[in-house]
Each structure stands twice: as C-alpha cells, then as structure tokens.
Amino acid sequence: MLQLISEVFGRAFDNEWLRRGDDGAVLPAPAAGERLVIATDAHVVSPLFFPGGDIGCLAVHGTINDVAMMGARPLYLAASFILEEGFPLAELARIVASMAAAAKEAGVPVVTGDTKVVEKGKGDGIFITTTGVGALPAGRELSGANARPGDAVIVSGTLGDHGMAIMARREGLAFESGIRSDTAALHGLVESALAAVPGLRVLRDPTRGGLAATLNEIARQSGVGIVLDEMALPVNPQVAAACEFLGLDPLHIANEGKLIAICAADEADALVAALRAHPLGARAARVGEVCADERCFVQMKTALGGRRMVDWLASEQLPRIC
Amino acid sequence: MKYVDAFRDGELARGIAAAIAREASPARRYAFMEFCGGHTHAISRYGLADLLPPQVRMIHGPGCPVCVLPIGRIDQAIRLALDEGVTLCTYADTLRVPASAGLTMLRARAQGADIRMVYSAAEALALARREPGRQVVFFAIGFETTTPPTALLIRQAAALGLANFSVLCCHVLTPPAIAAILDAPEARAPGGVALDGFIGPAHVSTVIGSRPYARFAAEYRKPVVIAGFEPLDVMQAILMLVRQVNDGRAEVENEFTRAVTDDGNLKAQALMADVFALRESFEWRGLGVLPRSALRIHERYAAFDAEARFGLVYVPVADHKACECGPILRGVKAPLDCKLFGTVCTPDTPMGACMVSSEGACAAHYTYGRVRDPAGPH
Ligand code: SF4
C-alpha cells in the first residue's frame, strides 16, 4: 500500500528535491536583506470534492495565502498526509493530481512530504497538512496590528462563496449548482496590491469565520473599531439567496480566495484599481473604514440605514427553525 | 440579505421612517411590542431602532420558541435520552439551552445520550422507520407555525402503525401569551410598561389567521398590526401602529396580506384539532403557568405521546437566580438590566434561554445591538 502511495506522489509532484529521495530538501538561502516567512495549515473538509475545488488544491492555496498575507513571496511547500486505512486509491490520486496542478500553477513546488496510514475509524478519510516557506523583501511590514483610525477597508471580491459551496453540497440543497468555491492562490494578487500601494498596512485572508471574524481579530490586534457599509459589500446573488434561505449571514461564511486589505484612506482608490486589474480581484471594493473605538467593535451601517454589531460568531452557525 | 433589492429597500425604508418621524407626536411615547422572534431578529439585524424617533420604542416579546421553553421541559427530554435510552430528535436551537444540574442537551450527548439534530420533523419519522429496533422521540417545540408538521407526522406514524416512535409535545399558542403579557401586573400597574400596541406574528398568522387577535383590539383596546418578517414590513407596521394610536383606534390590521387571511389555513387548523387537544395549563419560561396555552397529543393518538408512553411527570425548575429572562420576555426589562449580560452570560456561555436562540432578546442585543450601548465593559 505505502509503495503504491509513494508512487502516486512521486509521479504527481516530480521535482529535483523529491527525486533525490532524502529526508529533507536542501534549499538556497534567501537574497540579502530578505527574511523568511513560514506558515502551516492543517486541512480537513467534508465533502472532499466540492464545486470549484477539492481538499488537494485547497491545501495548496490555503498555505500559500497564509505566507502571502505576510507580504512574502511563497517559495516552497511541504505536505504531510494522514490517510485512513482503506481510503480509495483512485480518490487519493485525484486529490494529489489536483494538489500538484495547483502547486504548478502557483509556481510553488512541494519539495518534501510524508504519509501515514491510520487504522480504519481513527481518521476521517484524509487529512492534509501543508507548510509553506516564503521570502519577505526588506521594508515590508504587514500585520493585523497596523490598522489606524481613518484607514480604508477593502475586500478583493465576493464574500462567502467557498463556505456556501461546501454547505450547499453537504445539505444537498437544490440551488447548489450555481455556487462554486473561490479557492485560489493569492500571491499574484498580493504582489499587484503591494506594487500599487507599498505602504499597505494589513493583509488578511478571511477564511474560517468569514469577514466578520477576521475584521474582529484585526480590530482587537490594532485596538481600533471598524465600520462597514452593507451596501458596498460584494456578494454573489446565489450566495445571498442561499444565506437568506438558511438564515445565515455571508459575513460569517468562509472564503478561500479573497483578501482583506487595509491602507491609508488616500491610497484606497489606487489599491482598488490595482486589485480590479487582476483577474482574482475583479470585484474588489472599498467596504468600510477604521475608526477610533476602545471597545474594538466591528459595526455595520445596514442597507436600511441602521447600525448593528458585526460580532464574532458565538458557535457554528445553525439554520433557524422557524 | 437581499442585496439585489437593498438599494430600493433602503430608499423605501427612509421614506417610511420619515413618515413615522413626522406623524409620531413628540408630546407622547409609543411603546410597541413585536411578539415574534422573527421580528426581533429583523429589527436587530437591520438596526431599525436607528430609524425610529426617540418617542417610538420597540419592546422584544416572547415569541421565540426556544426562549419560552422552561427548564423542566428540557429536563424531560434529556432524562428520556439518558434514562430511557431513547434516540431524541430535536431542532438545533434547543441543544445549548441550559437545563438542570449544569446539563444541556449537548452535554448530555457527551455523557452518552443519543440526541440528534434534525432540520425537520419528517427526519425523525424517517429515522424511526429505518431503525425499528430503536425508540425514537421527537422533541416538538414551537408556536402554531411548527405545529401542523408535527400533527402530520403523528398521523403518518399512526397510519404506518409505528411502535417505536413518539412525540414529546411542547407546542405552545400565541394568543394566550399575548393575553398573559397584557394581564401581567406590570402592564396594569401605574408607571409599569404601558404597551401601546403589538406587531402580530407573520408565519403564525398564516396558520391561525387574523381573527384570534380581535379580542386584544376589542377587550384590551390595543392595536395589532400583523406584519411580514422583512425589515420593510416591520417599518410599515410601526407606521400603521403610530397612526392607530394617533387616531385613537384599536383595530387588527394586516400588513402581511400577501400571506395572511382572516381565517388562516383551515386545513392546517383541522389537522391540529384532530391530533392535539388543549392542555389545562402549561409552564412558560418568563410568563409562568398559563391556562389553556399549549397543546398535548389527543387521546386518539395516545400511542404516540411520549409523556404517556414513558409515564413522564413534569417537575418545574426555577431559572438561574440572576437571570432576568422572565421580565425580559414580559417586556418589563431589557437585556442590559441583567447583571450577567455580556459578562457571565454570552452566546458562547448562555445562562438563560434568551441568550441561546438568535431570536432571543439577549442574543439579538449581544450580537447586533451593543453598538448603541453606553461605553463600558460589555
Ligand atoms: S443576559 Fe443571560 S442571564 Fe441575563 S437575562 Fe439574558 S439570558 Fe438571562
């Protein structure tokens, strides 16, 4: 079995480091003045295959994005797999092929990896952990603690597509057909953004917990408040309809191919233009602003003209009963 | 969120808000209660309080099915699963409601109780059919909206002659709850909450129609406007209530004519009358024991009544001492009046039922309303 598996991996990821067959990969040092960024992410998702992607490409994109949100150029990935005994080899091959394709498209090779098989019942099909290494050019200092009152809050596109694609598939909802995960590697988009606005203060990808959770984190880290404008939030009509039906809020739903950027207000237009010029940022929009608020509230001007909190989510969102 | 319509809705809402501001007399106060959790949710979610002039105040009512469920009923359900080994099927909202002895359904599940979340009553029946060796109990809660599906389920179970399926019936009725609020001592005492009118339920009224509210207009002289759950419906209803008060009228008006008729859904009513009977009395959280305010399963279907099948006795249990859910559900207090609000009691660690359901007054205020609170530790 392990022999078969290693053949699957070898064929898919084939590169000079893996071919050597050593315990680790020997990599060149970053250029002078650059620093290393490392990020890791464990991926579990059910279903494993969903409209717009699968756990394989998701594992590649997720970690590349974590590295990219620090302002770094992602260079290499490491991947480890935990497989449950009896996991169908054909599905594994599909997942690995999708990972390899995603890594190739992103230009970030998987240079080392490991696989363990656990007894049946001790794992849920397949878990994939990826670790990414990137190089951070001198002078780039991005952090969730950098937001200042008056700054503009910008998102790179529509909200909630990934989470709703998964949920629709899981619940077997009839309207799932139109909704696709937005899973994508964002380092190219990040480079465009930083080229246009080198003084960008915060970059984050609003994955689990959606825009709401990520903005609350930033507000806490920076000790500021944030006011969103509901009318400015880009949401796919199908996602909005699905949310309405389930009593969910797109602000709380996961994204896997979107970023939040915070910059000085007078640079906001340049940033939105730069994002929109990139295929992954076509629906970028300025959605709110940072304000002084020692309670660190994230709030929203609603479409009807009222105000409300945008809270972290207490627990997993569950559909209402009546 | 209907983003597509949001622009249009925003403009319409501003128009209605302007009319309310123009017509509501600054010389008096208007206190209206939205009975339903669905309305509470819309008001909080869209920040409608900001669109109202200061003399118009909305009070959250008890129409949240999970919030009015007393601890004793949750206990019954948990004991069934723990002691009798039944498989209990329940809606998601009830899972985290605090019960006796520090338990919740979720914690009982961790102790080995077989408690499963379902989206619809029909799922519980399907489970019983699939696994005849398992005793399945459906925990039926809710107002008149969720009652017909439960009735249908019991009829189906009877038609199939299922021996392993029963229902723990905790369905409650809307009109007696409104009467209880109007009869509460606070409502009558001088200086107490004088309610000037009600926004009547949307979905409940599609079932029971608008007639059952007539006595609140006639006997209690309180205007009632039945409204849909969209924020614009709510704004329109508030305007209609202001106008009734200004004109000295007390009528039942229907803003939600696209779904509610005078008679309601007669088929659903007949179904309910066949399967259920009025309970002599029922304990509500916050409102106390109310006569003829809830339903039990009719003797005709006794075989499917979990209370009869398992010989359940109801034991009332007092709420957490500091929890103000009771007065909040009666509209006498607001969430901020509770010492536990936002500190000990949050949606992550709910101490009372009003913090559990997203339609509960405390949860709605915590999740959406705190922007309006005076700065403080919350
Ligand atoms: S804040 Fe919690 S404890 Fe206080 S009234 Fe509300 S639910 Fe009860």
# chains A, B, ... in the order shown; residues from 1 in each chain; ligands from 1

$ residues_around --residues "Val356 (chain B)" --least-positions-apart "3" --cutoff "9 Å" --atoms "only C-alpha atoms" --output "PyMOL selection string"
chain B and resi 66-67+93-94+96-98+346-353+359-360+362-363

$ write_last_selection --atoms "all heavy atoms" --output "CSV table (one decimal), in the first residue's frame"
chain,number,residue,atom,x,y,z
B,66,VAL,N,-37.7,28.8,21.5
B,66,VAL,CA,-36.7,28.2,22.4
B,66,VAL,C,-36.7,28.9,23.7
B,66,VAL,O,-36.6,28.4,24.8
B,66,VAL,CB,-35.3,28.2,21.7
B,66,VAL,CG1,-34.3,27.7,22.7
B,66,VAL,CG2,-35.3,27.4,20.5
B,67,CYS,N,-36.9,30.3,23.6
B,67,CYS,CA,-36.8,31.1,24.8
B,67,CYS,C,-37.9,30.8,25.8
B,67,CYS,O,-37.7,31.0,27.0
B,67,CYS,CB,-36.8,32.6,24.5
B,67,CYS,SG,-35.6,33.0,23.3
B,93,ASP,N,-31.6,24.6,17.8
B,93,ASP,CA,-31.6,25.7,18.8
B,93,ASP,C,-31.7,25.2,20.2
B,93,ASP,O,-31.2,25.9,21.1
B,93,ASP,CB,-32.8,26.6,18.5
B,93,ASP,CG,-32.8,27.2,17.2
B,93,ASP,OD1,-32.6,26.4,16.2
B,93,ASP,OD2,-33.1,28.4,17.1
B,94,THR,N,-32.3,24.0,20.4
B,94,THR,CA,-32.5,23.6,21.8
B,94,THR,C,-31.3,23.0,22.4
B,94,THR,O,-31.2,22.8,23.6
B,94,THR,CB,-33.6,22.5,21.9
B,94,THR,OG1,-33.3,21.4,21.0
B,94,THR,CG2,-35.0,23.1,21.5
B,96,ARG,N,-28.3,23.8,23.1
B,96,ARG,CA,-27.5,24.5,24.1
B,96,ARG,C,-28.2,25.2,25.2
B,96,ARG,O,-27.7,26.0,26.0
B,96,ARG,CB,-26.6,25.5,23.3
B,96,ARG,CG,-25.6,24.8,22.4
B,96,ARG,CD,-24.6,25.8,21.8
B,96,ARG,NE,-25.3,26.9,21.1
B,96,ARG,CZ,-25.1,28.2,21.4
B,96,ARG,NH1,-24.2,28.5,22.3
B,96,ARG,NH2,-25.8,29.1,20.7
B,97,VAL,N,-29.5,25.0,25.3
B,97,VAL,CA,-30.3,25.6,26.3
B,97,VAL,C,-30.0,25.0,27.7
B,97,VAL,O,-30.0,23.8,27.8
B,97,VAL,CB,-31.8,25.5,26.1
B,97,VAL,CG1,-32.6,26.1,27.2
B,97,VAL,CG2,-32.3,26.0,24.8
B,98,PRO,N,-29.6,25.9,28.7
B,98,PRO,CA,-29.2,25.3,29.9
B,98,PRO,C,-30.4,24.6,30.6
B,98,PRO,O,-31.5,25.1,30.7
B,98,PRO,CB,-28.8,26.5,30.8
B,98,PRO,CG,-29.0,27.7,29.9
B,98,PRO,CD,-29.5,27.3,28.6
B,346,THR,N,-23.1,35.0,27.7
B,346,THR,CA,-22.8,35.4,26.3
B,346,THR,C,-23.4,34.3,25.5
B,346,THR,O,-23.7,33.2,26.0
B,346,THR,CB,-21.4,35.6,26.0
B,346,THR,OG1,-20.7,34.3,26.1
B,346,THR,CG2,-20.7,36.6,27.0
B,347,PRO,N,-23.5,34.5,24.1
B,347,PRO,CA,-23.9,33.4,23.3
B,347,PRO,C,-23.0,32.1,23.4
B,347,PRO,O,-23.5,31.0,23.2
B,347,PRO,CB,-23.9,34.0,21.9
B,347,PRO,CG,-24.1,35.5,22.1
B,347,PRO,CD,-23.4,35.8,23.4
B,348,ASP,N,-21.8,32.3,23.8
B,348,ASP,CA,-20.9,31.2,24.0
B,348,ASP,C,-21.2,30.4,25.3
B,348,ASP,O,-21.0,29.2,25.3
B,348,ASP,CB,-19.4,31.6,24.1
B,348,ASP,CG,-18.8,31.6,22.7
B,348,ASP,OD1,-19.2,30.8,21.8
B,348,ASP,OD2,-17.9,32.5,22.4
B,349,THR,N,-21.6,31.2,26.3
B,349,THR,CA,-21.9,30.5,27.6
B,349,THR,C,-23.3,31.1,28.1
B,349,THR,O,-23.3,31.8,29.0
B,349,THR,CB,-20.8,31.0,28.6
B,349,THR,OG1,-20.8,32.4,28.6
B,349,THR,CG2,-19.5,30.4,28.3
B,350,PRO,N,-24.3,30.7,27.4
B,350,PRO,CA,-25.6,31.2,27.8
B,350,PRO,C,-26.1,30.7,29.2
B,350,PRO,O,-25.9,29.5,29.5
B,350,PRO,CB,-26.6,30.6,26.7
B,350,PRO,CG,-25.9,29.5,26.1
B,350,PRO,CD,-24.4,29.7,26.4
B,351,MET,N,-26.6,31.6,30.0
B,351,MET,CA,-27.1,31.3,31.3
B,351,MET,C,-28.6,31.1,31.2
B,351,MET,O,-29.2,30.5,32.1
B,351,MET,CB,-26.8,32.3,32.4
B,351,MET,CG,-25.3,32.6,32.5
B,351,MET,SD,-24.3,31.1,33.0
B,351,MET,CE,-25.0,30.8,34.6
B,352,GLY,N,-29.2,31.8,30.3
B,352,GLY,CA,-30.7,31.8,30.2
B,352,GLY,C,-31.1,31.6,28.7
B,352,GLY,O,-30.2,31.7,27.8
B,353,ALA,N,-32.3,31.2,28.5
B,353,ALA,CA,-32.8,30.8,27.2
B,353,ALA,C,-32.7,32.0,26.2
B,353,ALA,O,-32.5,31.8,25.0
B,353,ALA,CB,-34.2,30.3,27.2
B,359,GLU,N,-32.9,34.5,18.0
B,359,GLU,CA,-34.1,35.3,18.1
B,359,GLU,C,-34.4,35.8,19.5
B,359,GLU,O,-35.3,36.6,19.7
B,359,GLU,CB,-35.3,34.6,17.5
B,359,GLU,CG,-35.1,34.1,16.1
B,359,GLU,CD,-36.4,33.5,15.5
B,359,GLU,OE1,-37.3,33.2,16.3
B,359,GLU,OE2,-36.4,33.4,14.3
B,360,GLY,N,-33.7,35.3,20.5
B,360,GLY,CA,-33.9,35.8,21.8
B,360,GLY,C,-33.5,37.2,22.0
B,360,GLY,O,-32.5,37.7,21.4
B,362,CYS,N,-31.8,38.7,24.4
B,362,CYS,CA,-30.5,38.9,24.9
B,362,CYS,C,-29.5,38.6,23.8
B,362,CYS,O,-28.5,39.4,23.6
B,362,CYS,CB,-30.2,38.0,26.1
B,362,CYS,SG,-31.1,38.5,27.5
B,363,ALA,N,-29.7,37.5,23.1
B,363,ALA,CA,-28.8,37.2,22.0
B,363,ALA,C,-28.8,38.2,20.9
B,363,ALA,O,-27.8,38.6,20.4
B,363,ALA,CB,-29.1,35.8,21.4

$ residues_around --residues "Ala285 (chain A)" --least-positions-apart "6" --cutoff "8 Å" --atoms "only C-alpha atoms" --output "ChimeraX atom specification"
/A:154-157,232-234,272

$ select_by_dssp --residues "region 225-301 of chain B" --states "alpha helix (DSSP H)" --output "ChimeraX atom specification"
/B:231-247,266-275

$ write_last_selection --atoms "N, CA, C and O atoms" --output "CSV table (one decimal), in the first residue's frame"
chain,number,residue,atom,x,y,z
B,231,PRO,N,-37.6,43.6,6.8
B,231,PRO,CA,-37.5,44.9,7.6
B,231,PRO,C,-38.5,46.0,7.1
B,231,PRO,O,-39.0,46.7,7.9
B,232,LEU,N,-38.8,46.0,5.8
B,232,LEU,CA,-39.8,47.0,5.3
B,232,LEU,C,-41.1,46.7,5.9
B,232,LEU,O,-41.9,47.6,6.2
B,233,ASP,N,-41.5,45.4,6.0
B,233,ASP,CA,-42.8,45.1,6.6
B,233,ASP,C,-42.9,45.6,8.0
B,233,ASP,O,-43.9,46.2,8.5
B,234,VAL,N,-41.8,45.5,8.8
B,234,VAL,CA,-41.7,45.9,10.2
B,234,VAL,C,-41.9,47.4,10.2
B,234,VAL,O,-42.7,48.0,11.0
B,235,MET,N,-41.2,48.1,9.4
B,235,MET,CA,-41.3,49.6,9.4
B,235,MET,C,-42.7,50.1,9.1
B,235,MET,O,-43.3,50.9,9.7
B,236,GLN,N,-43.3,49.4,8.1
B,236,GLN,CA,-44.7,49.8,7.7
B,236,GLN,C,-45.6,49.5,8.8
B,236,GLN,O,-46.5,50.3,9.1
B,237,ALA,N,-45.4,48.4,9.5
B,237,ALA,CA,-46.3,48.0,10.6
B,237,ALA,C,-46.2,49.1,11.7
B,237,ALA,O,-47.2,49.5,12.4
B,238,ILE,N,-45.0,49.6,12.0
B,238,ILE,CA,-44.8,50.6,13.0
B,238,ILE,C,-45.5,51.8,12.7
B,238,ILE,O,-46.2,52.4,13.5
B,239,LEU,N,-45.4,52.2,11.4
B,239,LEU,CA,-46.2,53.4,10.9
B,239,LEU,C,-47.7,53.2,11.1
B,239,LEU,O,-48.4,54.1,11.6
B,240,MET,N,-48.2,52.0,10.8
B,240,MET,CA,-49.6,51.8,11.0
B,240,MET,C,-50.0,51.8,12.4
B,240,MET,O,-51.1,52.3,12.8
B,241,LEU,N,-49.2,51.3,13.3
B,241,LEU,CA,-49.5,51.4,14.7
B,241,LEU,C,-49.5,52.8,15.2
B,241,LEU,O,-50.4,53.2,16.0
B,242,VAL,N,-48.5,53.6,14.8
B,242,VAL,CA,-48.5,55.0,15.2
B,242,VAL,C,-49.8,55.7,14.8
B,242,VAL,O,-50.4,56.4,15.6
B,243,ARG,N,-50.2,55.4,13.6
B,243,ARG,CA,-51.5,56.0,13.1
B,243,ARG,C,-52.7,55.6,13.9
B,243,ARG,O,-53.5,56.4,14.2
B,244,GLN,N,-52.7,54.3,14.2
B,244,GLN,CA,-53.9,53.9,15.1
B,244,GLN,C,-53.9,54.6,16.4
B,244,GLN,O,-54.9,55.1,16.9
B,245,VAL,N,-52.7,54.7,17.0
B,245,VAL,CA,-52.6,55.4,18.3
B,245,VAL,C,-53.1,56.8,18.2
B,245,VAL,O,-53.9,57.3,18.9
B,246,ASN,N,-52.5,57.5,17.1
B,246,ASN,CA,-52.9,58.9,16.9
B,246,ASN,C,-54.4,59.1,16.7
B,246,ASN,O,-55.0,60.1,17.2
B,247,ASP,N,-55.0,58.1,16.0
B,247,ASP,CA,-56.4,58.2,15.7
B,247,ASP,C,-57.3,57.7,16.9
B,247,ASP,O,-58.5,57.8,16.8
B,266,LEU,N,-57.3,26.8,7.0
B,266,LEU,CA,-58.3,25.9,7.7
B,266,LEU,C,-57.9,24.5,7.7
B,266,LEU,O,-58.2,23.7,8.6
B,267,LYS,N,-57.2,24.1,6.7
B,267,LYS,CA,-56.8,22.7,6.6
B,267,LYS,C,-55.8,22.3,7.7
B,267,LYS,O,-55.9,21.3,8.4
B,268,ALA,N,-54.9,23.3,7.9
B,268,ALA,CA,-53.9,23.1,9.0
B,268,ALA,C,-54.6,23.1,10.3
B,268,ALA,O,-54.3,22.3,11.3
B,269,GLN,N,-55.6,24.0,10.5
B,269,GLN,CA,-56.3,24.0,11.8
B,269,GLN,C,-57.1,22.7,12.0
B,269,GLN,O,-57.1,22.3,13.2
B,270,ALA,N,-57.7,22.2,11.0
B,270,ALA,CA,-58.4,20.9,11.2
B,270,ALA,C,-57.5,19.8,11.6
B,270,ALA,O,-57.8,19.0,12.5
B,271,LEU,N,-56.3,19.8,10.9
B,271,LEU,CA,-55.3,18.8,11.2
B,271,LEU,C,-54.9,18.9,12.7
B,271,LEU,O,-54.8,17.9,13.4
B,272,MET,N,-54.7,20.1,13.2
B,272,MET,CA,-54.2,20.3,14.5
B,272,MET,C,-55.3,19.9,15.5
B,272,MET,O,-55.1,19.3,16.6
B,273,ALA,N,-56.6,20.2,15.2
B,273,ALA,CA,-57.7,19.9,16.0
B,273,ALA,C,-57.9,18.3,16.2
B,273,ALA,O,-58.3,17.8,17.2
B,274,ASP,N,-57.5,17.6,15.1
B,274,ASP,CA,-57.6,16.2,15.1
B,274,ASP,C,-56.5,15.6,16.0
B,274,ASP,O,-56.8,14.6,16.8
B,275,VAL,N,-55.3,16.1,15.9
B,275,VAL,CA,-54.2,15.4,16.6
B,275,VAL,C,-53.9,16.0,18.0
B,275,VAL,O,-53.5,15.2,18.9

$ interface_residues --of "chain A" --to "chain B" --cutoff "12 Å" --atoms "only C-alpha atoms" --output "ChimeraX atom specification"
/A:158,171,212,225-227,230-251,293-322

$ residues_near_ligand --ligand "ligand 1" --cutoff "7 Å" --atoms "only C-alpha atoms and all ligand atoms" --output "ChimeraX atom specification"
/B:322-325,328,335,338-342,345-346,350-355,362

$ write_last_selection --atoms "all heavy atoms" --output "short mmCIF file (atom, residue, chain, number, x, y, z; two decimals), in the first residue's frame"
data_model
loop_
_atom_site.label_atom_id
_atom_site.label_comp_id
_atom_site.auth_asym_id
_atom_site.auth_seq_id
_atom_site.Cartn_x
_atom_site.Cartn_y
_atom_site.Cartn_z
N ALA B 322 -30.09 35.03 38.99
CA ALA B 322 -29.82 36.37 38.48
C ALA B 322 -30.38 36.59 37.07
O ALA B 322 -30.38 37.71 36.57
CB ALA B 322 -28.32 36.63 38.49
N CYS B 323 -30.85 35.52 36.44
CA CYS B 323 -31.31 35.64 35.04
C CYS B 323 -32.62 36.40 34.99
O CYS B 323 -33.57 36.10 35.69
CB CYS B 323 -31.46 34.26 34.42
SG CYS B 323 -32.14 34.31 32.75
N GLU B 324 -32.67 37.40 34.14
CA GLU B 324 -33.85 38.26 34.03
C GLU B 324 -34.71 37.89 32.82
O GLU B 324 -35.52 38.70 32.36
CB GLU B 324 -33.42 39.73 33.91
CG GLU B 324 -32.56 40.23 35.06
CD GLU B 324 -33.40 40.71 36.24
OE1 GLU B 324 -34.61 40.38 36.28
OE2 GLU B 324 -32.85 41.41 37.10
N CYS B 325 -34.50 36.70 32.27
CA CYS B 325 -35.27 36.29 31.09
C CYS B 325 -36.77 36.50 31.29
O CYS B 325 -37.46 36.91 30.36
CB CYS B 325 -35.03 34.82 30.76
SG CYS B 325 -33.69 34.54 29.62
N ILE B 328 -37.72 40.08 31.00
CA ILE B 328 -37.39 40.50 29.63
C ILE B 328 -38.44 39.96 28.67
O ILE B 328 -38.92 40.67 27.79
CB ILE B 328 -35.97 40.02 29.25
CG1 ILE B 328 -34.92 40.83 30.02
CG2 ILE B 328 -35.74 40.17 27.74
CD1 ILE B 328 -33.51 40.34 29.85
N PRO B 335 -32.25 43.60 28.17
CA PRO B 335 -31.07 42.77 28.44
C PRO B 335 -30.03 43.47 29.30
O PRO B 335 -29.44 42.87 30.20
CB PRO B 335 -30.53 42.47 27.04
CG PRO B 335 -31.75 42.46 26.17
CD PRO B 335 -32.66 43.51 26.75
N CYS B 338 -29.82 43.12 33.07
CA CYS B 338 -29.36 41.89 33.72
C CYS B 338 -27.87 42.01 34.02
O CYS B 338 -27.07 42.34 33.16
CB CYS B 338 -29.61 40.69 32.80
SG CYS B 338 -28.86 39.18 33.45
N LYS B 339 -27.53 41.70 35.27
CA LYS B 339 -26.14 41.82 35.71
C LYS B 339 -25.22 40.85 34.97
O LYS B 339 -24.04 41.07 34.86
CB LYS B 339 -26.03 41.55 37.21
CG LYS B 339 -26.52 42.70 38.07
CD LYS B 339 -25.96 42.57 39.47
CE LYS B 339 -26.95 42.24 40.56
NZ LYS B 339 -28.36 42.40 40.40
N LEU B 340 -25.79 39.74 34.50
CA LEU B 340 -24.96 38.73 33.86
C LEU B 340 -24.69 39.03 32.39
O LEU B 340 -23.80 38.45 31.78
CB LEU B 340 -25.62 37.34 33.98
CG LEU B 340 -26.00 36.89 35.39
CD1 LEU B 340 -26.55 35.47 35.35
CD2 LEU B 340 -24.80 36.95 36.31
N PHE B 341 -25.48 39.96 31.83
CA PHE B 341 -25.41 40.20 30.39
C PHE B 341 -24.00 40.58 29.93
O PHE B 341 -23.40 41.52 30.46
CB PHE B 341 -26.37 41.30 29.96
CG PHE B 341 -26.32 41.61 28.48
CD1 PHE B 341 -27.05 40.85 27.58
CD2 PHE B 341 -25.50 42.62 27.99
CE1 PHE B 341 -26.98 41.11 26.21
CE2 PHE B 341 -25.42 42.89 26.64
CZ PHE B 341 -26.16 42.13 25.75
N GLY B 342 -23.50 39.84 28.96
CA GLY B 342 -22.24 40.22 28.32
C GLY B 342 -21.00 39.87 29.12
O GLY B 342 -19.89 39.94 28.60
N CYS B 345 -22.87 35.85 31.00
CA CYS B 345 -23.78 35.28 30.01
C CYS B 345 -23.52 35.87 28.63
O CYS B 345 -23.70 37.07 28.41
CB CYS B 345 -25.22 35.56 30.44
SG CYS B 345 -26.45 34.81 29.36
N THR B 346 -23.06 35.03 27.72
CA THR B 346 -22.85 35.42 26.32
C THR B 346 -23.37 34.27 25.45
O THR B 346 -23.66 33.20 25.97
CB THR B 346 -21.35 35.62 26.02
OG1 THR B 346 -20.70 34.35 26.09
CG2 THR B 346 -20.68 36.59 26.98
N PRO B 350 -24.33 30.66 27.41
CA PRO B 350 -25.64 31.20 27.79
C PRO B 350 -26.08 30.72 29.17
O PRO B 350 -25.93 29.54 29.49
CB PRO B 350 -26.58 30.65 26.70
CG PRO B 350 -25.87 29.47 26.12
CD PRO B 350 -24.42 29.65 26.35
N MET B 351 -26.58 31.62 29.99
CA MET B 351 -27.11 31.26 31.31
C MET B 351 -28.62 31.13 31.25
O MET B 351 -29.24 30.47 32.06
CB MET B 351 -26.75 32.31 32.36
CG MET B 351 -25.28 32.61 32.51
SD MET B 351 -24.35 31.15 32.98
CE MET B 351 -25.04 30.83 34.59
N GLY B 352 -29.22 31.83 30.32
CA GLY B 352 -30.67 31.77 30.18
C GLY B 352 -31.05 31.55 28.73
O GLY B 352 -30.22 31.70 27.84
N ALA B 353 -32.31 31.21 28.53
CA ALA B 353 -32.76 30.84 27.18
C ALA B 353 -32.73 32.01 26.22
O ALA B 353 -32.54 31.83 25.03
CB ALA B 353 -34.16 30.25 27.25
N CYS B 354 -32.92 33.25 26.73
CA CYS B 354 -32.95 34.39 25.81
C CYS B 354 -31.61 34.63 25.14
O CYS B 354 -31.49 35.43 24.23
CB CYS B 354 -33.30 35.69 26.53
SG CYS B 354 -34.58 35.54 27.68
N MET B 355 -30.56 33.97 25.65
CA MET B 355 -29.24 34.15 25.06
C MET B 355 -28.93 33.04 24.08
O MET B 355 -27.94 33.08 23.37
CB MET B 355 -28.20 34.21 26.18
CG MET B 355 -26.82 34.69 25.79
SD MET B 355 -26.78 36.32 25.00
CE MET B 355 -26.22 37.36 26.36
N CYS B 362 -31.83 38.72 24.43
CA CYS B 362 -30.46 38.92 24.89
C CYS B 362 -29.46 38.62 23.78
O CYS B 362 -28.50 39.38 23.57
CB CYS B 362 -30.16 38.05 26.11
SG CYS B 362 -31.12 38.55 27.55
#
